[in-house]
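Okay, so here's the structure we're looking at.
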Amino acid sequence: MPYYTNKQGKQLYYDDKGNGEAFVFIHPPGMGRKVFKMQHPLAEHYRVIFPDLSGNGDSETVTQEPDIRFFADEVAELLDHLKLDQVIVVGYSCGGMVAQELTLSHPDRVKGVVLAGGFPKVDTGMLHFEFSVGMQWVHQSTETLAKLLSHSHFRSAEIKRELCEHMAKSDPDVWYEYYDAALHYDCSERLSQIKVPVLLAYGVKEFWINYHSFYYRQCEDVTFHMIERAYHQIPATHSPQFHDAIHRFIDTKITN
């Protein structure tokens with residue numbers, strides 16, 4: 001489990017596996033890099049990097065009031081540390097907002113974008129409700145929220161326990177502020193500025209999230225991939241289909 005010391009003197013942790021085309025995976029609030037447990041086999045084909053954003057998982061808190069641009073800049077600093085000029089950024093759920101902001105504010109660092117259940121803003125009542133409930137649970141009981149999220153993502157008791165223990169390390173204030181920042185984030189009017197290929201993967205059953213897909217039609221090069229019988233948690237619950245979509249995306253859209 002490597003780490004680097006950032007400009008503020010804080011230790012930020014990440015996993016770094018494999019070789020080849022480099023991917024950086026961005027997690028949702030509080031969950032940390034362990035939510036991408038099922039993506040580790042991608043290291044057989046690519047270099048895959050899973051950071052804990054500051055205040056999440058094993059990484060130290062830099063600020064208790066982060067916004068989406070703050071986390072995007074933090075990922076760019078990680079790329080500097082790893083001496084990576086360009087990567088494919090993968091964002092899951094709210095992590096997709098950080099991925100989009102990284103692409104928009106550091107366009108020279110990104111050669112492709114993969115969004116699993118992505119949205120440029122919270123634009124449905126149901127998704128707003130999910131955010132509000134999550135923020136309420138952070139205040140009431142992070143332990144209960146961690147259990148709920150781990151059970152909704154994984155079947156394996158061992159992986160559930162590992163994710164719960166990892167989430168227990170997250171700073172509750174950062175967890176809450178990450179939710180809040182994402183709730184008020186909106187890059188929908190800037191999506192036309194994304195010039196690199198974009199892959200959008202959605203679970204068919206989570207219609208109040210895949211509703212947001214129409215925003216991305218203004219992107220220059222976008223591929224839509226719908227996963228049957230899936231809800232929102234596709235990196236964890238439908239990893240084979242998700243990985244197949246990534247492989248095709250690399251083969252057809254990304255060139256060295």
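Each chain in the structure tokens gets a letter, A, B and so on, in the order shown; residues start at 1 in every chain, and ligands are counted from 1 in the order they appear.
For region 63-193 of chain A, the set of residues given strand (DSSP E or B) by DSSP on the backbone reads Val87, Ile88, Val89, Val90, Gly91, Tyr92, Val110, Lys111, Gly112, Val113, Val114, Leu115, Ala116, Lys121 and Asp186 of chain A.
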Mind dumping the selected residues with N, CA, C and O atoms as a PDB file, in the first residue's frame?
```
ATOM      1  N   VAL A  87      -3.841   9.788 -18.217  1.00  0.00           N
ATOM      2  CA  VAL A  87      -4.477   8.559 -17.750  1.00  0.00           C
ATOM      3  C   VAL A  87      -5.892   8.492 -18.292  1.00  0.00           C
ATOM      4  O   VAL A  87      -6.428   9.477 -18.825  1.00  0.00           O
ATOM      5  N   ILE A  88      -6.477   7.335 -18.142  1.00  0.00           N
ATOM      6  CA  ILE A  88      -7.923   7.182 -18.309  1.00  0.00           C
ATOM      7  C   ILE A  88      -8.513   7.246 -16.906  1.00  0.00           C
ATOM      8  O   ILE A  88      -8.110   6.480 -16.027  1.00  0.00           O
ATOM      9  N   VAL A  89      -9.408   8.166 -16.686  1.00  0.00           N
ATOM     10  CA  VAL A  89      -9.972   8.345 -15.358  1.00  0.00           C
ATOM     11  C   VAL A  89     -11.325   7.651 -15.295  1.00  0.00           C
ATOM     12  O   VAL A  89     -12.148   7.775 -16.204  1.00  0.00           O
ATOM     13  N   VAL A  90     -11.522   6.867 -14.237  1.00  0.00           N
ATOM     14  CA  VAL A  90     -12.757   6.117 -14.029  1.00  0.00           C
ATOM     15  C   VAL A  90     -13.423   6.633 -12.767  1.00  0.00           C
ATOM     16  O   VAL A  90     -12.824   6.602 -11.689  1.00  0.00           O
ATOM     17  N   GLY A  91     -14.636   7.124 -12.895  1.00  0.00           N
ATOM     18  CA  GLY A  91     -15.373   7.612 -11.740  1.00  0.00           C
ATOM     19  C   GLY A  91     -16.632   6.807 -11.525  1.00  0.00           C
ATOM     20  O   GLY A  91     -17.384   6.547 -12.478  1.00  0.00           O
ATOM     21  N   TYR A  92     -16.846   6.389 -10.285  1.00  0.00           N
ATOM     22  CA  TYR A  92     -18.051   5.645  -9.939  1.00  0.00           C
ATOM     23  C   TYR A  92     -18.960   6.544  -9.108  1.00  0.00           C
ATOM     24  O   TYR A  92     -18.531   7.116  -8.111  1.00  0.00           O
ATOM     25  N   VAL A 110      -5.846  13.875 -19.123  1.00  0.00           N
ATOM     26  CA  VAL A 110      -6.843  12.812 -19.309  1.00  0.00           C
ATOM     27  C   VAL A 110      -6.960  12.471 -20.789  1.00  0.00           C
ATOM     28  O   VAL A 110      -7.138  13.349 -21.627  1.00  0.00           O
ATOM     29  N   LYS A 111      -6.880  11.179 -21.106  1.00  0.00           N
ATOM     30  CA  LYS A 111      -7.031  10.733 -22.496  1.00  0.00           C
ATOM     31  C   LYS A 111      -8.320   9.973 -22.728  1.00  0.00           C
ATOM     32  O   LYS A 111      -8.656   9.634 -23.859  1.00  0.00           O
ATOM     33  N   GLY A 112      -9.052   9.707 -21.663  1.00  0.00           N
ATOM     34  CA  GLY A 112     -10.337   9.041 -21.776  1.00  0.00           C
ATOM     35  C   GLY A 112     -11.047   9.063 -20.433  1.00  0.00           C
ATOM     36  O   GLY A 112     -10.402   9.151 -19.379  1.00  0.00           O
ATOM     37  N   VAL A 113     -12.377   9.005 -20.468  1.00  0.00           N
ATOM     38  CA  VAL A 113     -13.197   9.064 -19.253  1.00  0.00           C
ATOM     39  C   VAL A 113     -14.159   7.890 -19.242  1.00  0.00           C
ATOM     40  O   VAL A 113     -14.841   7.625 -20.245  1.00  0.00           O
ATOM     41  N   VAL A 114     -14.222   7.187 -18.116  1.00  0.00           N
ATOM     42  CA  VAL A 114     -15.204   6.119 -17.911  1.00  0.00           C
ATOM     43  C   VAL A 114     -16.037   6.492 -16.697  1.00  0.00           C
ATOM     44  O   VAL A 114     -15.493   6.709 -15.603  1.00  0.00           O
ATOM     45  N   LEU A 115     -17.346   6.584 -16.879  1.00  0.00           N
ATOM     46  CA  LEU A 115     -18.245   6.911 -15.778  1.00  0.00           C
ATOM     47  C   LEU A 115     -19.194   5.739 -15.537  1.00  0.00           C
ATOM     48  O   LEU A 115     -19.925   5.337 -16.440  1.00  0.00           O
ATOM     49  N   ALA A 116     -19.144   5.197 -14.352  1.00  0.00           N
ATOM     50  CA  ALA A 116     -20.057   4.134 -13.945  1.00  0.00           C
ATOM     51  C   ALA A 116     -21.173   4.768 -13.127  1.00  0.00           C
ATOM     52  O   ALA A 116     -20.940   5.210 -12.000  1.00  0.00           O
ATOM     53  N   LYS A 121     -24.771  16.509 -12.609  1.00  0.00           N
ATOM     54  CA  LYS A 121     -25.400  17.191 -11.479  1.00  0.00           C
ATOM     55  C   LYS A 121     -26.506  16.286 -10.950  1.00  0.00           C
ATOM     56  O   LYS A 121     -26.929  15.340 -11.633  1.00  0.00           O
ATOM     57  N   ASP A 186     -22.283  21.107 -10.495  1.00  0.00           N
ATOM     58  CA  ASP A 186     -22.982  21.102 -11.778  1.00  0.00           C
ATOM     59  C   ASP A 186     -22.001  21.444 -12.897  1.00  0.00           C
ATOM     60  O   ASP A 186     -21.546  22.582 -13.000  1.00  0.00           O
TER      61      ASP A 186
END
```
Practice problem: Could you give me, as JSON, numbers by chain, each residue of region 45-188 of chain A that DSSP assigns to alpha helix (DSSP H) when run on this structure's backbone? | Solution: {"A": [68, 69, 70, 71, 72, 73, 74, 75, 76, 77, 78, 79, 80, 81, 82, 95, 96, 97, 98, 99, 100, 101, 102, 103, 104, 105, 125, 126, 127, 128, 129, 130, 131, 132, 133, 134, 135, 136, 137, 138, 139, 140, 142, 143, 144, 145, 146, 147, 148, 149, 150, 151, 152, 153, 157, 158, 159, 160, 161, 162, 163, 164, 165, 166, 167, 172, 173, 174, 175, 176, 177, 178, 179, 180, 181, 182, 183]}
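Excluding region 63-77 of chain A itself and same-chain residues fewer than 6 positions from it, the residues having an atom within 8 Å of it are Asn6, Leu53, Ser54, Gly55, Met97, Val98, Ala99, Glu101, Leu102, Ser105, His106, Arg109, Asp173, Val174, Glu177, Tyr178, Ala181, Ala182 and Tyr185 of chain A, counting only C-alpha atoms.
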Store the residues picked out above in a file with N, CA, C and O atoms, as a compact mmCIF listing (two decimals), in the first residue's frame.
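Dumped to again.txt:
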```
# COMPACT_ATOMS: atom_id res chain seq x y z
N ASN A 6 1.73 14.84 0.40
CA ASN A 6 1.32 15.90 -0.51
C ASN A 6 1.92 17.25 -0.09
O ASN A 6 2.71 17.34 0.85
N LEU A 53 -9.02 9.26 -1.67
CA LEU A 53 -9.00 10.71 -1.60
C LEU A 53 -8.79 11.14 -0.15
O LEU A 53 -9.13 10.42 0.79
N SER A 54 -8.22 12.31 0.04
CA SER A 54 -7.89 12.75 1.41
C SER A 54 -9.14 12.76 2.28
O SER A 54 -10.24 13.14 1.86
N GLY A 55 -8.96 12.30 3.52
CA GLY A 55 -10.07 12.19 4.45
C GLY A 55 -10.91 10.94 4.26
O GLY A 55 -11.87 10.72 5.00
N MET A 97 -18.07 12.74 -10.64
CA MET A 97 -17.99 14.20 -10.66
C MET A 97 -16.53 14.66 -10.56
O MET A 97 -16.12 15.59 -11.25
N VAL A 98 -15.76 14.00 -9.72
CA VAL A 98 -14.33 14.31 -9.62
C VAL A 98 -13.64 13.99 -10.94
O VAL A 98 -12.80 14.75 -11.42
N ALA A 99 -14.03 12.86 -11.55
CA ALA A 99 -13.44 12.47 -12.83
C ALA A 99 -13.75 13.51 -13.91
O ALA A 99 -12.88 13.88 -14.71
N GLU A 101 -14.52 16.71 -13.40
CA GLU A 101 -13.82 17.96 -13.10
C GLU A 101 -12.33 17.86 -13.40
O GLU A 101 -11.73 18.82 -13.88
N LEU A 102 -11.74 16.71 -13.16
CA LEU A 102 -10.33 16.51 -13.54
C LEU A 102 -10.18 16.70 -15.04
O LEU A 102 -9.24 17.36 -15.51
N SER A 105 -10.80 20.58 -15.83
CA SER A 105 -9.84 21.55 -15.28
C SER A 105 -8.39 21.18 -15.57
O SER A 105 -7.50 22.03 -15.49
N HIS A 106 -8.13 19.90 -15.91
CA HIS A 106 -6.79 19.44 -16.27
C HIS A 106 -6.88 18.60 -17.55
O HIS A 106 -6.53 17.42 -17.55
N ARG A 109 -4.27 16.08 -18.85
CA ARG A 109 -3.90 14.90 -18.07
C ARG A 109 -4.78 13.70 -18.35
O ARG A 109 -4.51 12.60 -17.84
N ASP A 173 -16.53 14.22 8.79
CA ASP A 173 -16.74 15.58 8.29
C ASP A 173 -16.44 15.65 6.79
O ASP A 173 -17.17 16.29 6.02
N VAL A 174 -15.36 14.99 6.36
CA VAL A 174 -15.02 14.96 4.94
C VAL A 174 -16.06 14.16 4.17
O VAL A 174 -16.47 14.56 3.07
N GLU A 177 -19.04 16.40 3.74
CA GLU A 177 -18.77 17.50 2.82
C GLU A 177 -18.61 17.03 1.38
O GLU A 177 -18.96 17.74 0.44
N TYR A 178 -18.09 15.84 1.18
CA TYR A 178 -17.99 15.26 -0.16
C TYR A 178 -19.40 15.09 -0.74
O TYR A 178 -19.68 15.48 -1.88
N ALA A 181 -20.79 18.64 -1.39
CA ALA A 181 -20.16 19.27 -2.56
C ALA A 181 -20.72 18.67 -3.85
O ALA A 181 -20.99 19.39 -4.82
N ALA A 182 -20.89 17.34 -3.87
CA ALA A 182 -21.44 16.68 -5.05
C ALA A 182 -22.89 17.07 -5.28
O ALA A 182 -23.33 17.25 -6.42
N TYR A 185 -22.77 20.36 -7.02
CA TYR A 185 -21.90 20.46 -8.20
C TYR A 185 -22.73 20.41 -9.47
O TYR A 185 -23.74 19.73 -9.54
```
Quiz item: Which one is closest to Pro29 (chain A): A:Tyr13, A:Trp175, A:Phe224, A:Tyr3? Count only C-alpha atoms.
Solution: A:Trp175
Quiz item: Using only C-alpha atoms, which residues sit within 12 Å of region 136-146 of chain A once same-chain residues fewer than 2 positions away are excluded, as an MDAnalysis selection string?
Solution: chainID A and resid 29:32 34:35 57 129:134 148:153 160:180
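Minimum atom-to-atom distance to Ile209 (chain A), evaluated using only C-alpha atoms, belongs to A:Cys94 out of A:Ala43, A:Val48, A:Met135, A:Cys94.
Using only C-alpha atoms for every distance, the candidate list A:His212, A:Gly96, A:Leu200, A:Arg190 yields A:Leu200 as the residue closest to Phe242 (chain A).
Here the question is which of A:Gly9, A:Leu199, A:Lys83, A:Tyr231 gets nearest to Lys253 (chain A) using only C-alpha atoms, and that residue is A:Leu199.
Atom to atom, CA of Lys10 (chain A) and CA of Glu60 (chain A) stand 5.9 Å apart.
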Practice problem: Write out as a PyMOL selection string which residues come within 9 Å of Tyr46 (chain A) when counting only C-alpha atoms, dropping same-chain ones fewer than 3 positions away. | Solution: chain A and resi 17-23+42-43
Any chance you can output those residues with N, CA, C and O atoms as a tab-separated table (two decimals), in the first residue's frame?
```tsv
chain	number	residue	atom	x	y	z
A	17	LYS	N	-1.24	-1.22	-9.42
A	17	LYS	CA	-1.03	-2.59	-9.87
A	17	LYS	C	-0.94	-2.64	-11.40
A	17	LYS	O	-1.58	-1.86	-12.09
A	18	GLY	N	-0.19	-3.58	-11.91
A	18	GLY	CA	-0.17	-3.87	-13.33
A	18	GLY	C	0.69	-2.92	-14.14
A	18	GLY	O	1.40	-2.06	-13.61
A	19	ASN	N	0.62	-3.11	-15.46
A	19	ASN	CA	1.40	-2.32	-16.41
A	19	ASN	C	0.54	-2.03	-17.63
A	19	ASN	O	-0.46	-2.69	-17.88
A	20	GLY	N	0.98	-1.04	-18.39
A	20	GLY	CA	0.27	-0.70	-19.62
A	20	GLY	C	-0.52	0.57	-19.49
A	20	GLY	O	-0.16	1.48	-18.73
A	21	GLU	N	-1.62	0.66	-20.25
A	21	GLU	CA	-2.49	1.84	-20.22
A	21	GLU	C	-2.90	2.11	-18.77
A	21	GLU	O	-3.35	1.22	-18.07
A	22	ALA	N	-2.73	3.37	-18.33
A	22	ALA	CA	-2.94	3.69	-16.92
A	22	ALA	C	-4.36	4.19	-16.67
A	22	ALA	O	-4.86	5.09	-17.37
A	23	PHE	N	-4.99	3.61	-15.66
A	23	PHE	CA	-6.33	4.01	-15.21
A	23	PHE	C	-6.22	4.52	-13.77
A	23	PHE	O	-5.52	3.94	-12.95
A	42	LEU	N	-8.25	-6.20	-13.51
A	42	LEU	CA	-7.89	-5.42	-14.69
A	42	LEU	C	-6.39	-5.19	-14.78
A	42	LEU	O	-5.87	-4.86	-15.85
A	43	ALA	N	-5.69	-5.42	-13.67
A	43	ALA	CA	-4.23	-5.28	-13.66
A	43	ALA	C	-3.55	-6.31	-14.55
A	43	ALA	O	-2.37	-6.17	-14.88
```
Quiz prompt | Surrounding residues of Tyr215 (chain A) excluding itself and chain neighbours under 3 positions, 10 Å, only C-alpha atoms, as a PyMOL selection string | solution = chain A and resi 119-121+187-189+191-192+211-212+218-219
Dump C-alpha atoms for the selected residues as a PDB file, in the first residue's frame?
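Output file part08.pdb is given in full below:
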```pdb
ATOM      1  CA  PHE A 119     -24.105  12.327 -13.615  1.00  0.00           C
ATOM      2  CA  PRO A 120     -23.009  15.953 -14.157  1.00  0.00           C
ATOM      3  CA  LYS A 121     -25.400  17.191 -11.479  1.00  0.00           C
ATOM      4  CA  CYS A 187     -20.809  20.697 -14.864  1.00  0.00           C
ATOM      5  CA  SER A 188     -23.710  20.051 -17.228  1.00  0.00           C
ATOM      6  CA  GLU A 189     -23.108  23.229 -19.223  1.00  0.00           C
ATOM      7  CA  LEU A 191     -19.669  18.933 -21.010  1.00  0.00           C
ATOM      8  CA  SER A 192     -19.144  20.117 -24.580  1.00  0.00           C
ATOM      9  CA  TYR A 211     -31.843   9.469 -16.678  1.00  0.00           C
ATOM     10  CA  HIS A 212     -28.800  11.784 -16.557  1.00  0.00           C
ATOM     11  CA  GLN A 218     -23.105  17.206 -26.091  1.00  0.00           C
ATOM     12  CA  CYS A 219     -19.753  15.453 -25.574  1.00  0.00           C
TER      13      CYS A 219
END
```
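Separating CA of Val24 (chain A) from CA of Phe154 (chain A) is a distance of 21.4 Å.
Of note, CA of Met226 (chain A) and CA of Asp16 (chain A) are spaced 28.5 Å apart.
The nearest approach to Asp244 (chain A) among the residues A:Gln100, A:Thr5, A:Gln39, A:Ser59, with only C-alpha atoms taken into account, belongs to A:Gln39.
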